[in-house]
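Written below as structure tokens is the structure these notes are about.
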Amino acid sequence: MSEPRRITIIGSTGSIGQSAISVIRHANQVAGYPVYEVDTLVAGSDVETLAEQAVLVGAKRVVVAAEGRHKALEGLLEGTSIETASGEEAVCDAARRPVDRVLAAVVGIAGLPSTFAAIEAGNSVALANKESMVCAGPLLKRFAEGKGVAIVPTDSEHNAMFQVMERREDVERLILTASGGPFRETPLQQLRDMTPEHALAHPRWDMGQKISVDSATLFNKGLELIEAAYLFDMPEDMIDVVVHPQSIVHSLVEYRDGSVLAQMGEPDMRTPIAHALSWPERRQPGPAKRLNLPALARLDFEAPDTERFPAINLCREVLRMGGGAPTVLNCANEAAVAAFLAGQCRFPDISWVVAEALERFCTKTQVSEPLDSVEAVMALDTEARQLVRALVREAAVRHEGV
């Protein structure tokens, strides 16, 4: 029996984090001994779920980012030996603790500092926080290579590519699949009337609010296109996106001999998480439902409607621009999604705000140079958000009287 693999989960109370807890418990129960050992769990503010998880998996340490929730966390864990801490710096400290793998599962650019801290400390990272790679991909890759640590793709699409990737030099094309979201067949003129409730009603996935809206706009797929370009050192014109409503084929890799390898499975994030936590060792038993091919009957594929969903082309544009442009795009999308969820703008305004931010910010600000530090990435994000806030207000004015 080998030593258990030590795991830290940054973002344990979110959808990805909870799936990871399920994967860890299942593997340990099936094996009858600890395959995984949880070192630290980190959450934003949900101390009730965090405390429950810590006791359930026997975590050594828990951290809550919201400092005002620390006393409540201490109370919930009174009488246990579990250490507690709070604050943003404590989150990064947790990522630096030596473990076998850190699962980076915080949504948004907020996850970048802890992801970078983990890599800088020499920890291998299972990356489920796509925005870190979008905003600082070259920087993260450079530091990971310098430290000799792995960045294991954990998004379902990128993990799928990772599993079927053979020799990179033989790859001709990467193909990302998209469910199409809840508005795949909604007429273009009706999108202006779609509410947050409509956008959150994803037909295949049960996700958090931000990712659900990103799926509805297809920005989720555009961000994944950027992430794939950086993860696999692939130019954007060698990455395609196809809509696949059943969400069974998670991604494909096409080779120069004409072979196309696809990774398939039920749409369950526990599958890529199980692979990312165990790689490169042998696969551990996972709790996801097994695929029943006869019951599927059919698999459909279609090209994305880029007029209805301009997100993919906008993401291609920022890859061609390089430098800080992907950071500006991500910032604008995060802010516009938050405004939409708050009822401050309409659904089509999300793409409009992103396009305008790229047009106005990137033409007046030098963003073509590579960002050489996390501080530089976060500073650009802060600067761009000032413009984005104004654009959100402008979007609201555009519709007055309409």
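Simple scheme: letters A, B, ... for chains in structure tokens order, numbers from 1 for residues in each chain, numbers from 1 for ligands in the order shown.
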
Output as a Markdown table one row per residue of range 120-154 of chain A within 12 Å of range 6-22 of chain A: the closest atom pair and its distance in Å to one decimal place, counting only C-alpha atoms, sorted by chain and residue number ascending.
| residue | atom | partner | partner_atom | distance |
| --- | --- | --- | --- | --- |
| A:Asn123 | CA | A:Thr8 | CA | 10.0 |
| A:Ser124 | CA | A:Ile7 | CA | 10.0 |
| A:Val125 | CA | A:Thr8 | CA | 9.5 |
| A:Ala126 | CA | A:Ile9 | CA | 9.4 |
| A:Leu127 | CA | A:Ile10 | CA | 10.3 |
| A:Ala128 | CA | A:Ile16 | CA | 7.7 |
| A:Asn129 | CA | A:Ile16 | CA | 9.7 |
| A:Thr154 | CA | A:Ile16 | CA | 9.7 |

Based on the selection just made, write C-alpha atoms of those residues as a PDB file, in the first residue's frame.
ATOM      1  CA  ASN A 123       3.215  22.308  -5.840  1.00  0.00           C
ATOM      2  CA  SER A 124       1.644  20.504  -8.765  1.00  0.00           C
ATOM      3  CA  VAL A 125      -1.726  22.069  -9.669  1.00  0.00           C
ATOM      4  CA  ALA A 126      -4.944  20.514 -10.927  1.00  0.00           C
ATOM      5  CA  LEU A 127      -6.258  23.583 -12.741  1.00  0.00           C
ATOM      6  CA  ALA A 128     -10.027  24.038 -12.770  1.00  0.00           C
ATOM      7  CA  ASN A 129      -9.734  27.838 -12.590  1.00  0.00           C
ATOM      8  CA  THR A 154      -9.079  19.789 -14.952  1.00  0.00           C
TER       9      THR A 154
END

Once DSSP has gone over the backbone, tell me which residues of range 94-313 of chain A are in helix (DSSP H, G or I), as a ChimeraX atom specification. /A:94-96,109-120,130-147,156-164,168-170,188-193,196-200,209-217,219-231,236-238,270-278,293-296,311-313

Apply DSSP to the backbone of this structure and, from range 135-253 of chain A, keep only the residues in strand (DSSP E or B); write these as a list of chain:residue names. A:Ile151, A:Val152, A:Pro153, A:Val171, A:Glu172, A:Arg173, A:Leu174, A:Ile175, A:Leu176, A:Thr177, A:Ala178, A:Ile239, A:Asp240, A:Val241, A:Val242, A:Val243, A:Val249, A:His250, A:Ser251, A:Leu252, A:Val253

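Distances from A:Arg393, A:Arg256, A:Arg360, A:Arg346 to Thr195 in chain A were compared using only C-alpha atoms, and the smallest one belongs to A:Arg346.
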
Excluding Glu369 in chain A and any residue of its chain fewer than 5 positions from it, enumerate the residues within 12 Å of it, using only C-alpha atoms, and give them as an MDAnalysis selection string. chainID A and resid 138 321:326 362 376:377 380

Produce a file of the selected residues containing C-alpha atoms, as an mmCIF file, in the first residue's frame.
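So the final result, stored in again_36.cif, reads:
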data_model
loop_
_atom_site.group_PDB
_atom_site.id
_atom_site.type_symbol
_atom_site.label_atom_id
_atom_site.label_comp_id
_atom_site.auth_asym_id
_atom_site.auth_seq_id
_atom_site.Cartn_x
_atom_site.Cartn_y
_atom_site.Cartn_z
ATOM 1 C CA PRO A 138 2.480 32.235 -20.301
ATOM 2 C CA MET A 321 -3.503 40.534 -29.852
ATOM 3 C CA GLY A 322 -1.639 38.779 -27.029
ATOM 4 C CA GLY A 323 -0.124 40.514 -24.031
ATOM 5 C CA GLY A 324 -2.733 41.813 -21.613
ATOM 6 C CA ALA A 325 -5.693 41.620 -24.023
ATOM 7 C CA PRO A 326 -7.001 38.312 -22.591
ATOM 8 C CA CYS A 362 -6.725 48.251 -25.883
ATOM 9 C CA ALA A 376 0.952 43.273 -13.235
ATOM 10 C CA VAL A 377 -2.022 41.088 -14.206
ATOM 11 C CA LEU A 380 -4.334 45.667 -15.396
#

Within 10 Å of range 283-304 of chain A, which residues of range 113-219 of chain A come that close, and what is the closest atom pair and distance in Å for each? Count only C-alpha atoms and give it as a tab-separated table.
residue	atom	partner	partner_atom	distance
A:Thr177	CA	A:Phe301	CA	8.6
A:Ala178	CA	A:Pro304	CA	8.5
A:Ser179	CA	A:Phe301	CA	9.5
A:Gly180	CA	A:Pro304	CA	7.6
A:Arg184	CA	A:Pro304	CA	8.7
A:Leu218	CA	A:Pro304	CA	9.1

Go ahead and dump the residues you just picked, N, CA and C atoms, as a CSV table (one decimal), in the first residue's frame.
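Result file follows (selection.csv):
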chain,number,residue,atom,x,y,z
A,177,THR,N,-15.8,21.0,-27.6
A,177,THR,CA,-17.2,20.8,-27.7
A,177,THR,C,-18.0,21.7,-26.8
A,178,ALA,N,-19.1,22.3,-27.2
A,178,ALA,CA,-19.9,23.2,-26.4
A,178,ALA,C,-21.3,22.6,-26.4
A,179,SER,N,-22.0,22.7,-25.3
A,179,SER,CA,-23.4,22.2,-25.2
A,179,SER,C,-24.3,23.2,-26.0
A,180,GLY,N,-23.9,24.4,-26.1
A,180,GLY,CA,-24.8,25.4,-26.8
A,180,GLY,C,-25.6,26.2,-25.8
A,184,ARG,N,-29.4,28.1,-27.3
A,184,ARG,CA,-28.9,27.6,-28.5
A,184,ARG,C,-29.9,27.8,-29.7
A,218,LEU,N,-21.7,31.6,-24.4
A,218,LEU,CA,-20.6,30.9,-25.0
A,218,LEU,C,-19.2,31.5,-24.7

If we count only C-alpha atoms, what is near range 80-87 of chain A at a cut-off of 9 Å, once residues fewer than 5 positions away on the same chain are taken out, given as an NGL selection string? :A and (54-55 or 58-70 or 73-74)

Any idea what's packed within 6 Å of Phe219 in chain A, counting only C-alpha atoms, ignoring anything in its chain fewer than 4 positions away? Could you give it as a PyMOL selection string? chain A and resi 214+223+311

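By chain and then residue number, the residues within 10 Å of Val353 in chain A are A:Leu329, A:Ala332, A:Asn333, A:Ala335, A:Ala336, A:Val337, A:Cys345, A:Pro348, A:Asp349, A:Ile350, A:Ser351, A:Ala355, A:Glu356, A:Ala357, A:Leu358, A:Glu359, A:Leu387, A:Val388, A:Arg389, A:Ala390, A:Leu391, A:Val392, A:Arg393, A:Glu394, A:Ala395, counting only C-alpha atoms and disregarding those fewer than 2 positions away in sequence.
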
May I have the selected residues written with N, CA and C atoms, as a PDB file, in the first residue's frame?
ATOM      1  N   LEU A 329     -10.269  41.190 -21.598  1.00  0.00           N
ATOM      2  CA  LEU A 329     -11.492  40.474 -21.980  1.00  0.00           C
ATOM      3  C   LEU A 329     -12.101  39.777 -20.784  1.00  0.00           C
ATOM      4  N   ALA A 332     -13.682  42.316 -18.393  1.00  0.00           N
ATOM      5  CA  ALA A 332     -14.935  42.862 -18.920  1.00  0.00           C
ATOM      6  C   ALA A 332     -16.060  41.845 -18.823  1.00  0.00           C
ATOM      7  N   ASN A 333     -15.759  40.591 -19.118  1.00  0.00           N
ATOM      8  CA  ASN A 333     -16.796  39.553 -19.043  1.00  0.00           C
ATOM      9  C   ASN A 333     -17.254  39.341 -17.606  1.00  0.00           C
ATOM     10  N   ALA A 335     -17.229  41.426 -15.098  1.00  0.00           N
ATOM     11  CA  ALA A 335     -18.011  42.577 -14.640  1.00  0.00           C
ATOM     12  C   ALA A 335     -19.373  42.636 -15.324  1.00  0.00           C
ATOM     13  N   ALA A 336     -19.417  42.333 -16.617  1.00  0.00           N
ATOM     14  CA  ALA A 336     -20.683  42.381 -17.348  1.00  0.00           C
ATOM     15  C   ALA A 336     -21.634  41.282 -16.879  1.00  0.00           C
ATOM     16  N   VAL A 337     -21.104  40.103 -16.599  1.00  0.00           N
ATOM     17  CA  VAL A 337     -21.946  39.014 -16.078  1.00  0.00           C
ATOM     18  C   VAL A 337     -22.526  39.402 -14.723  1.00  0.00           C
ATOM     19  N   CYS A 345     -28.050  45.236 -16.698  1.00  0.00           N
ATOM     20  CA  CYS A 345     -27.936  45.269 -18.157  1.00  0.00           C
ATOM     21  C   CYS A 345     -28.637  44.034 -18.726  1.00  0.00           C
ATOM     22  N   PRO A 348     -27.672  40.529 -24.156  1.00  0.00           N
ATOM     23  CA  PRO A 348     -26.738  40.836 -25.256  1.00  0.00           C
ATOM     24  C   PRO A 348     -25.697  41.882 -24.881  1.00  0.00           C
ATOM     25  N   ASP A 349     -25.961  42.655 -23.820  1.00  0.00           N
ATOM     26  CA  ASP A 349     -24.995  43.671 -23.406  1.00  0.00           C
ATOM     27  C   ASP A 349     -23.687  43.068 -22.912  1.00  0.00           C
ATOM     28  N   ILE A 350     -23.709  41.823 -22.486  1.00  0.00           N
ATOM     29  CA  ILE A 350     -22.481  41.196 -21.997  1.00  0.00           C
ATOM     30  C   ILE A 350     -21.436  41.188 -23.104  1.00  0.00           C
ATOM     31  N   SER A 351     -21.809  40.704 -24.268  1.00  0.00           N
ATOM     32  CA  SER A 351     -20.875  40.672 -25.393  1.00  0.00           C
ATOM     33  C   SER A 351     -20.525  42.083 -25.857  1.00  0.00           C
ATOM     34  N   ALA A 355     -16.742  43.624 -26.128  1.00  0.00           N
ATOM     35  CA  ALA A 355     -16.218  44.141 -27.405  1.00  0.00           C
ATOM     36  C   ALA A 355     -15.803  45.601 -27.275  1.00  0.00           C
ATOM     37  N   GLU A 356     -16.615  46.397 -26.592  1.00  0.00           N
ATOM     38  CA  GLU A 356     -16.290  47.821 -26.415  1.00  0.00           C
ATOM     39  C   GLU A 356     -15.060  47.996 -25.530  1.00  0.00           C
ATOM     40  N   ALA A 357     -14.926  47.182 -24.508  1.00  0.00           N
ATOM     41  CA  ALA A 357     -13.756  47.274 -23.630  1.00  0.00           C
ATOM     42  C   ALA A 357     -12.486  46.994 -24.418  1.00  0.00           C
ATOM     43  N   LEU A 358     -12.523  45.996 -25.271  1.00  0.00           N
ATOM     44  CA  LEU A 358     -11.351  45.682 -26.089  1.00  0.00           C
ATOM     45  C   LEU A 358     -11.050  46.811 -27.063  1.00  0.00           C
ATOM     46  N   GLU A 359     -12.099  47.356 -27.656  1.00  0.00           N
ATOM     47  CA  GLU A 359     -11.912  48.434 -28.630  1.00  0.00           C
ATOM     48  C   GLU A 359     -11.362  49.697 -27.973  1.00  0.00           C
ATOM     49  N   LEU A 387     -13.063  51.271 -16.647  1.00  0.00           N
ATOM     50  CA  LEU A 387     -13.722  51.484 -17.924  1.00  0.00           C
ATOM     51  C   LEU A 387     -14.967  50.609 -18.042  1.00  0.00           C
ATOM     52  N   VAL A 388     -14.876  49.378 -17.603  1.00  0.00           N
ATOM     53  CA  VAL A 388     -15.993  48.445 -17.744  1.00  0.00           C
ATOM     54  C   VAL A 388     -17.201  48.928 -16.953  1.00  0.00           C
ATOM     55  N   ARG A 389     -16.982  49.467 -15.760  1.00  0.00           N
ATOM     56  CA  ARG A 389     -18.108  50.004 -14.975  1.00  0.00           C
ATOM     57  C   ARG A 389     -18.827  51.104 -15.745  1.00  0.00           C
ATOM     58  N   ALA A 390     -18.055  51.938 -16.430  1.00  0.00           N
ATOM     59  CA  ALA A 390     -18.665  53.008 -17.241  1.00  0.00           C
ATOM     60  C   ALA A 390     -19.429  52.411 -18.428  1.00  0.00           C
ATOM     61  N   LEU A 391     -18.892  51.348 -19.010  1.00  0.00           N
ATOM     62  CA  LEU A 391     -19.558  50.719 -20.147  1.00  0.00           C
ATOM     63  C   LEU A 391     -20.875  50.071 -19.736  1.00  0.00           C
ATOM     64  N   VAL A 392     -20.913  49.504 -18.550  1.00  0.00           N
ATOM     65  CA  VAL A 392     -22.161  48.910 -18.057  1.00  0.00           C
ATOM     66  C   VAL A 392     -23.218  49.999 -17.917  1.00  0.00           C
ATOM     67  N   ARG A 393     -22.828  51.140 -17.372  1.00  0.00           N
ATOM     68  CA  ARG A 393     -23.778  52.259 -17.258  1.00  0.00           C
ATOM     69  C   ARG A 393     -24.221  52.724 -18.644  1.00  0.00           C
ATOM     70  N   GLU A 394     -23.281  52.766 -19.577  1.00  0.00           N
ATOM     71  CA  GLU A 394     -23.605  53.177 -20.946  1.00  0.00           C
ATOM     72  C   GLU A 394     -24.570  52.191 -21.597  1.00  0.00           C
ATOM     73  N   ALA A 395     -24.371  50.899 -21.320  1.00  0.00           N
ATOM     74  CA  ALA A 395     -25.268  49.880 -21.881  1.00  0.00           C
ATOM     75  C   ALA A 395     -26.696  50.082 -21.394  1.00  0.00           C
TER      76      ALA A 395
END

Could you name the residues that touch His275 in chain A at 10 Å or less, counting only C-alpha atoms, but leaving out those on the same chain fewer than 3 positions away, as a ChimeraX atom specification? /A:23,126,152-154,159-160,163,270-272,278-286

Mind writing the picked residues with N, CA and C atoms as a short mmCIF file (atom, residue, chain, number, x, y, z; two decimals), in the first residue's frame?
data_model
loop_
_atom_site.label_atom_id
_atom_site.label_comp_id
_atom_site.auth_asym_id
_atom_site.auth_seq_id
_atom_site.Cartn_x
_atom_site.Cartn_y
_atom_site.Cartn_z
N VAL A 23 -15.16 12.62 -5.02
CA VAL A 23 -14.16 11.75 -5.65
C VAL A 23 -13.21 11.18 -4.60
N ALA A 126 -3.83 20.95 -10.10
CA ALA A 126 -4.94 20.51 -10.93
C ALA A 126 -5.77 21.76 -11.20
N VAL A 152 -2.04 20.27 -14.35
CA VAL A 152 -2.88 19.21 -14.91
C VAL A 152 -4.24 19.80 -15.27
N PRO A 153 -4.61 19.84 -16.55
CA PRO A 153 -5.90 20.42 -16.95
C PRO A 153 -7.05 19.66 -16.29
N THR A 154 -7.98 20.41 -15.69
CA THR A 154 -9.08 19.79 -14.95
C THR A 154 -10.44 20.20 -15.48
N ASN A 159 -9.15 18.52 -19.90
CA ASN A 159 -8.75 17.22 -19.38
C ASN A 159 -8.97 16.14 -20.43
N ALA A 160 -10.06 16.27 -21.20
CA ALA A 160 -10.33 15.32 -22.27
C ALA A 160 -9.20 15.34 -23.30
N GLN A 163 -6.05 13.75 -21.92
CA GLN A 163 -6.09 12.29 -21.84
C GLN A 163 -5.79 11.62 -23.18
N ARG A 270 -16.92 15.02 -11.90
CA ARG A 270 -16.14 14.12 -11.06
C ARG A 270 -15.20 13.24 -11.88
N THR A 271 -15.51 13.04 -13.17
CA THR A 271 -14.63 12.24 -14.02
C THR A 271 -13.29 12.94 -14.27
N PRO A 272 -13.29 14.18 -14.80
CA PRO A 272 -12.00 14.84 -14.99
C PRO A 272 -11.27 15.13 -13.68
N SER A 278 -5.39 11.98 -9.64
CA SER A 278 -4.58 10.76 -9.60
C SER A 278 -3.41 10.78 -10.58
N TRP A 279 -3.49 11.57 -11.64
CA TRP A 279 -2.44 11.59 -12.68
C TRP A 279 -1.10 11.94 -12.08
N PRO A 280 0.00 11.30 -12.51
CA PRO A 280 0.13 10.30 -13.58
C PRO A 280 0.08 8.87 -13.07
N GLU A 281 -0.32 8.69 -11.83
CA GLU A 281 -0.42 7.33 -11.28
C GLU A 281 -1.65 6.63 -11.87
N ARG A 282 -1.87 5.41 -11.45
CA ARG A 282 -3.00 4.66 -11.98
C ARG A 282 -4.33 5.34 -11.61
N ARG A 283 -5.31 5.16 -12.46
CA ARG A 283 -6.61 5.77 -12.21
C ARG A 283 -7.28 5.13 -10.99
N GLN A 284 -7.98 5.96 -10.24
CA GLN A 284 -8.71 5.47 -9.07
C GLN A 284 -10.19 5.30 -9.43
N PRO A 285 -10.90 4.40 -8.75
CA PRO A 285 -12.35 4.25 -9.00
C PRO A 285 -13.07 5.57 -8.78
N GLY A 286 -13.92 5.93 -9.72
CA GLY A 286 -14.66 7.18 -9.61
C GLY A 286 -16.15 6.96 -9.44
#

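Distances to Leu277 in chain A were evaluated for A:Ile24, A:Leu77, A:Gly258, A:Lys71 using only C-alpha atoms, and the minimum falls at A:Ile24.
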
Between CA of Asn220 in chain A and CA of Met234 in chain A, distance in Å (one decimal): 18.4 Å

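Nearest-residue note for Gln29 in chain A: choosing from A:Ala396, A:Arg320, A:Val57, A:Asp237, the minimum distance belongs to A:Val57, counting only C-alpha atoms.
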